[in-house]
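J.: Dropping a structure here in structure tokens format, bear with me for questions.
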Amino acid sequence: MSSIFEGFLSTPEVLELFSERQIVDAMLRFEASLARAQASVGLIPEAAAQSIIGTCKVELFDVTKIVRESARAGSVAIPLVKSLTETVGLFNKDAAKFVHFGTTSQDVLDTAMALVTRDALDMIETDVRKTIACLLALAERHAGDAVLARTFMQPASVTSFGLKCVNWTAPLVRSLQRLQVAGANALSVQLGGAVGTLAQMKKGNKKLGPQVMALMAADLGLRAAPFSWHTQRDEWVALGCEMALLTGSLGKMAKDISLMVQFEAGELAEPLEPGRGGASVMPHKRNPVSCMVALAASVRVPQRVAALLAAMPQEHERALGNLQAELAEWPGLLMSVHGSARAMSQALAGLQVDTQRMQANIDAVRGELPADVADEWFNPALAQHAATLARSQLAVLTQALAGLNTPGKPARTLAPS
């Protein structure tokens, strides 16, 4: 999924999560869950379900061949289902006809993407929480330490470094709140068959599709959508937009830190570690590589989300081209988001704060101003006022964090199903 130029902008964990093998594995989890649910309500024989479930193991399949054949088929689900049907038939010929019963290729693809996205969101939230924890500790430690407030890239007045940390933290906390809600809405089982009606999942006059949906949702840990969302992409794209907002907030923090890291300011420094941030020919350089990764993500992510939005006008009950464009953009989006979150969590874990340099920069500006201007805009009391505000906001943010679920657990706010 990545190239030599972008692999280091993400993380090994999320690169593996969106690998060909892991996506195929998630698709097989869908097929196993489908068979299990359909057998539970009597749609397919139990023996057939057990044969399908026992065959849905990624190590039994030639993933490279499946991916290669997807180009001709127009969907990776088609060669996968074909291979699964053939493999099931080798062990239980009668069971083969029940593989993928009553569903379509988009059902398996969308549900597989929901499964891997859920795991990616857990990774992202874990690293954002680490970033927030570091920021809150820095805010408490440096609540009263004066630093230049800058507007239009120029010294403006005095604030405190603790308040700057609080101002970096607040958008991240809000993003976590919104992501939990957006994830609860978007991470749904896709199940609807060829026209989204579940019409094939019936026994006599008894419609069993809703029961199958509920059983699969419970089995896979996803939401049971009240309807198929084949061409209703709003919740899914909304989740992408929320991730973009998070990346923008991380990028804003990275921008500020990178400016404060500059030699001319010298107020901050990324952690000093062997091999970190070195230059190829200039041993004196110490490049802010974590900020670089977060800033690169803030440039790339908006283009991914723009593609998701552009792909929303999908034709009738199944899209031609737009869905495929969306699927292709999604992994890159999450790779960049997690890369940004991980980079900033690492930068802040060992961020070096030079409060003496901060004060020296204030004194240098103050010394060049008329006394009355210096007293008005660079009064030490301004930093103390900022410290009071920082401490009050710390309490608010800590309380907001306490109200959030931990990664891996369902959000408290769920859309109706």
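Ordered as shown in the structure tokens, chains take letters A, B, and onward, while each chain numbers its residues from 1 and ligands are numbered from 1 in the order shown.
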Any idea what's packed within 7 Å of Leu348 of chain A, counting only C-alpha atoms, ignoring anything in its chain fewer than 4 positions away? Could you give it as number ranges by chain?
T.: A: 131, 134, 344
J.: Which residues, written as an NGL selection string, have at least one atom at most 9 Å from Val116 of chain A, with only C-alpha atoms counted and residues fewer than 3 positions away on the same chain left out?
T.: :A and (17-18 or 22-23 or 26 or 111-113 or 119-121)
J.: Go ahead and save the residues from that selection, with C-alpha atoms, as a JSON list (two decimals), in the first residue's frame.
T.:
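Final output, saved to out-v2.json:
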[["chain", "number", "residue", "atom", "x", "y", "z"],
["A", 17, "LEU", "CA", -3.77, -3.53, 8.97],
["A", 18, "PHE", "CA", -4.53, -2.36, 5.43],
["A", 22, "GLN", "CA", -5.55, -8.36, 6.32],
["A", 23, "ILE", "CA", -8.28, -7.02, 4.02],
["A", 26, "ALA", "CA", -11.61, -9.30, 7.12],
["A", 111, "THR", "CA", -18.15, -4.67, 6.10],
["A", 112, "ALA", "CA", -14.50, -5.67, 5.78],
["A", 113, "MET", "CA", -13.50, -2.02, 5.58],
["A", 119, "ASP", "CA", -9.06, -1.35, 14.57],
["A", 120, "ALA", "CA", -7.34, 1.65, 12.96],
["A", 121, "LEU", "CA", -9.51, 4.04, 14.95]]
J.: So which residues touch Gln303 of chain A within 12 Å, counting only C-alpha atoms, skipping near sequence neighbours fewer than 3 positions away, as an MDAnalysis selection string?
T.: chainID A and resid 240:241 244 296:300 306:310 326 329:330 332:333 336
J.: Name all residues at most 9 Å from Trp377 of chain A (count only C-alpha atoms; drop same-chain ones fewer than 2 positions away) and give them as a list in words.
T.: Ala156, Ser157, Val158, Arg366, Asp372, Val373, Ala374, Asp375, Asn379 and Leu382 of chain A
J.: Those residues with N, CA and C atoms, as a compact mmCIF listing (two decimals), in the first residue's frame please?
T.:
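This went into selection-v9.txt:
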# COMPACT_ATOMS: atom_id res chain seq x y z
N ALA A 156 3.59 39.53 19.81
CA ALA A 156 2.41 40.34 20.05
C ALA A 156 2.28 40.76 21.50
N SER A 157 2.36 39.76 22.39
CA SER A 157 2.21 40.05 23.81
C SER A 157 2.79 38.86 24.58
N VAL A 158 2.32 38.68 25.80
CA VAL A 158 2.82 37.59 26.64
C VAL A 158 1.66 36.66 26.99
N ARG A 366 10.83 43.30 24.67
CA ARG A 366 10.46 44.34 25.62
C ARG A 366 11.50 45.46 25.66
N ASP A 372 6.03 52.61 28.20
CA ASP A 372 4.60 52.48 28.40
C ASP A 372 4.02 51.31 27.59
N VAL A 373 4.55 51.10 26.37
CA VAL A 373 4.10 49.97 25.55
C VAL A 373 4.55 48.65 26.18
N ALA A 374 5.80 48.62 26.64
CA ALA A 374 6.32 47.40 27.27
C ALA A 374 5.50 47.05 28.51
N ASP A 375 5.14 48.04 29.31
CA ASP A 375 4.38 47.77 30.53
C ASP A 375 2.98 47.28 30.22
N ASN A 379 3.62 42.95 30.48
CA ASN A 379 3.53 42.94 31.93
C ASN A 379 3.55 41.49 32.42
N LEU A 382 0.39 39.38 32.87
CA LEU A 382 -0.31 38.73 31.76
C LEU A 382 -0.07 37.23 31.76
J.: Do a neighbour search on Ala182 of chain A at 8 Å with only C-alpha atoms, toss out local chain neighbours closer than 6 positions, and write the hits as a list in words.
T.: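 Selected residues are Glu235, Ala238, Leu239 and Glu242 of chain A.
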J.: Put those residues in a file: N, CA and C atoms, as a PDB file, in the first residue's frame.
T.:
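This went into part16.pdb:
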ATOM      1  N   GLU A 235     -22.639   8.823   6.425  1.00  0.00           N
ATOM      2  CA  GLU A 235     -22.042   8.502   7.727  1.00  0.00           C
ATOM      3  C   GLU A 235     -20.582   8.092   7.563  1.00  0.00           C
ATOM      4  N   ALA A 238     -18.595  11.164   6.699  1.00  0.00           N
ATOM      5  CA  ALA A 238     -18.523  12.017   7.891  1.00  0.00           C
ATOM      6  C   ALA A 238     -17.415  11.548   8.821  1.00  0.00           C
ATOM      7  N   LEU A 239     -17.243  10.235   8.940  1.00  0.00           N
ATOM      8  CA  LEU A 239     -16.142   9.704   9.744  1.00  0.00           C
ATOM      9  C   LEU A 239     -14.803  10.130   9.151  1.00  0.00           C
ATOM     10  N   GLU A 242     -14.177  13.756  10.033  1.00  0.00           N
ATOM     11  CA  GLU A 242     -13.752  13.929  11.426  1.00  0.00           C
ATOM     12  C   GLU A 242     -12.277  13.580  11.592  1.00  0.00           C
TER      13      GLU A 242
END
J.: For the atom pair atom CA of Leu138 of chain A and atom CA of Gly350 of chain A, what is the interatomic distance in Å to one decimal place?
T.: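 We find that atom CA of Leu138 of chain A and atom CA of Gly350 of chain A lie 10.5 Å from each other.
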J.: Within segment 114-321 of chain A, find each residue whose DSSP state, derived from the backbone, is strand (DSSP E), and express the selection as a list of chain:residue names.
T.: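 Taking segment 114-321 of chain A and keeping strand (DSSP E) gives A:Ala146, A:Val147, A:Leu148, A:Ala149, A:Arg150, A:Thr151, A:Gln154, A:Pro155, A:Ala156, A:Ser157, A:Val158, A:Thr159, A:Ser160, A:Lys202, A:Lys203, A:Lys206, A:Lys207, A:Leu268, A:Ala269.
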J.: What's the separation between atom CA of Ser83 of chain A and atom CA of Glu59 of chain A, in Å to one decimal place?
T.: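 These atoms are spaced 12.6 Å apart.
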J.: Atom CA of Ser105 of chain A and atom CA of Gln50 of chain A are how many Å apart?
T.: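 So the two atoms, atom CA of Ser105 of chain A and atom CA of Gln50 of chain A, lie 21.6 Å apart.
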J.: For Lys164 of chain A, work out the shell of residues within 10 Å, counting only C-alpha atoms and skipping chain neighbours fewer than 5 positions away, then give it as a VMD selection string.
T.: chain A and resid 135 138 to 139 142 to 143 147 149 159 169 253 256 386 390
J.: Here is a test: counting only C-alpha atoms, which residue of A:Glu264, A:Ala269, A:Leu43, A:Thr126 is nearest to Lys207 of chain A?
T.: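 Selected residue with least distance to Lys207 of chain A: A:Leu43.
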J.: Excluding same-chain residues fewer than 6 positions from Val88 of chain A, what lies within 7 Å of it counting only C-alpha atoms, as JSON, numbers by chain?
T.: {"A": [51, 52, 55, 95, 96]}
J.: Would you save the residues of that selection, restricted to C-alpha atoms, as a short mmCIF file (atom, residue, chain, number, x, y, z; two decimals), in the first residue's frame?
T.:
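Saved file out.cif follows:
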data_model
loop_
_atom_site.label_atom_id
_atom_site.label_comp_id
_atom_site.auth_asym_id
_atom_site.auth_seq_id
_atom_site.Cartn_x
_atom_site.Cartn_y
_atom_site.Cartn_z
CA SER A 51 -17.91 -26.14 6.33
CA ILE A 52 -17.92 -22.47 5.26
CA THR A 55 -12.76 -22.74 5.35
CA ALA A 95 -22.15 -26.60 1.17
CA ALA A 96 -20.64 -24.72 -1.78
#
J.: Return the single residue from A:Leu394, A:Ala32, A:Ala343, A:Val108 that is closest to Thr11 of chain A, with distances computed using only C-alpha atoms.
T.: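 Selected residue with least distance to Thr11 of chain A: A:Ala343.
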J.: Taking the backbone alone, and naming residues the way the document does, which bits of segment 108-264 of chain A are alpha helix (DSSP H) by DSSP, as a short mmCIF file (atom, residue, chain, number, x, y, z; two decimals) with C-alpha atoms, in the first residue's frame?
T.:
data_model
loop_
_atom_site.label_atom_id
_atom_site.label_comp_id
_atom_site.auth_asym_id
_atom_site.auth_seq_id
_atom_site.Cartn_x
_atom_site.Cartn_y
_atom_site.Cartn_z
CA VAL A 108 -18.45 -8.02 1.98
CA LEU A 109 -16.22 -5.12 0.95
CA ASP A 110 -17.93 -2.45 3.04
CA THR A 111 -18.15 -4.67 6.10
CA ALA A 112 -14.50 -5.67 5.78
CA MET A 113 -13.50 -2.02 5.58
CA ALA A 114 -15.60 -1.27 8.67
CA LEU A 115 -13.78 -4.03 10.55
CA VAL A 116 -10.27 -2.84 9.73
CA THR A 117 -11.26 0.80 10.18
CA ARG A 118 -12.48 0.05 13.70
CA ASP A 119 -9.06 -1.35 14.57
CA ALA A 120 -7.34 1.65 12.96
CA LEU A 121 -9.51 4.04 14.95
CA ASP A 122 -8.50 2.28 18.15
CA MET A 123 -4.84 2.79 17.20
CA ILE A 124 -5.43 6.44 16.37
CA GLU A 125 -7.30 7.10 19.61
CA THR A 126 -4.60 5.40 21.68
CA ASP A 127 -1.92 7.70 20.26
CA VAL A 128 -4.09 10.80 20.50
CA ARG A 129 -4.73 10.00 24.15
CA LYS A 130 -0.97 9.73 24.70
CA THR A 131 -0.54 13.11 23.04
CA ILE A 132 -3.24 14.62 25.23
CA ALA A 133 -1.72 13.14 28.39
CA CYS A 134 1.66 14.68 27.52
CA LEU A 135 0.06 18.04 26.77
CA LEU A 136 -1.87 18.10 30.03
CA ALA A 137 1.30 17.31 31.97
CA LEU A 138 3.17 20.08 30.13
CA ALA A 139 0.31 22.50 30.76
CA GLU A 140 0.37 21.79 34.48
CA ARG A 141 4.16 22.00 34.70
CA PHE A 161 3.38 28.05 27.70
CA GLY A 162 0.87 26.14 29.78
CA LEU A 163 -1.98 27.97 28.10
CA LYS A 164 -0.50 27.22 24.66
CA CYS A 165 -0.50 23.52 25.60
CA VAL A 166 -4.13 23.77 26.72
CA ASN A 167 -5.04 25.42 23.42
CA TRP A 168 -3.38 22.58 21.53
CA THR A 169 -5.22 20.02 23.67
CA ALA A 170 -8.80 21.27 23.46
CA PRO A 171 -9.35 20.49 19.73
CA LEU A 172 -7.91 17.01 20.23
CA VAL A 173 -10.34 16.26 23.03
CA ARG A 174 -13.23 17.52 20.92
CA SER A 175 -12.04 15.37 18.02
CA LEU A 176 -12.06 12.26 20.21
CA GLN A 177 -15.60 13.05 21.31
CA ARG A 178 -16.80 13.48 17.75
CA LEU A 179 -14.86 10.47 16.44
CA GLN A 180 -16.51 8.16 18.94
CA VAL A 181 -19.95 9.27 17.81
CA ALA A 182 -19.03 9.25 14.11
CA GLY A 183 -17.48 5.80 14.46
CA ALA A 184 -20.57 4.44 16.20
CA ASN A 185 -22.70 5.72 13.33
CA ALA A 186 -20.45 4.65 10.47
CA GLY A 209 -32.79 -10.70 6.80
CA PRO A 210 -33.14 -8.42 9.85
CA GLN A 211 -32.36 -11.32 12.18
CA VAL A 212 -29.29 -12.21 10.14
CA MET A 213 -28.18 -8.57 10.28
CA ALA A 214 -28.59 -8.41 14.06
CA LEU A 215 -26.70 -11.64 14.61
CA MET A 216 -23.83 -10.55 12.35
CA ALA A 217 -23.59 -7.16 14.03
CA ALA A 218 -23.32 -8.79 17.45
CA ASP A 219 -20.80 -11.32 16.15
CA LEU A 220 -18.56 -8.77 14.41
CA ASP A 234 -22.87 10.20 4.41
CA GLU A 235 -22.04 8.50 7.73
CA TRP A 236 -18.96 6.88 6.27
CA VAL A 237 -17.66 10.09 4.71
CA ALA A 238 -18.52 12.02 7.89
CA LEU A 239 -16.14 9.70 9.74
CA GLY A 240 -13.46 10.54 7.18
CA CYS A 241 -14.12 14.25 7.67
CA GLU A 242 -13.75 13.93 11.43
CA MET A 243 -10.40 12.22 10.95
CA ALA A 244 -9.34 15.07 8.70
CA LEU A 245 -10.26 17.61 11.39
CA LEU A 246 -8.17 15.68 13.88
CA THR A 247 -5.22 15.68 11.49
CA GLY A 248 -5.62 19.41 10.95
CA SER A 249 -5.45 20.01 14.71
CA LEU A 250 -2.37 17.83 15.00
CA GLY A 251 -0.86 19.71 12.09
CA LYS A 252 -1.56 23.07 13.71
CA MET A 253 0.27 21.95 16.84
CA ALA A 254 3.14 20.60 14.74
CA LYS A 255 3.37 23.92 12.91
CA ASP A 256 3.59 25.88 16.18
CA ILE A 257 6.18 23.55 17.66
CA SER A 258 8.28 23.55 14.49
CA LEU A 259 8.37 27.35 14.60
CA MET A 260 9.34 27.38 18.27
CA VAL A 261 12.03 24.76 17.53
#
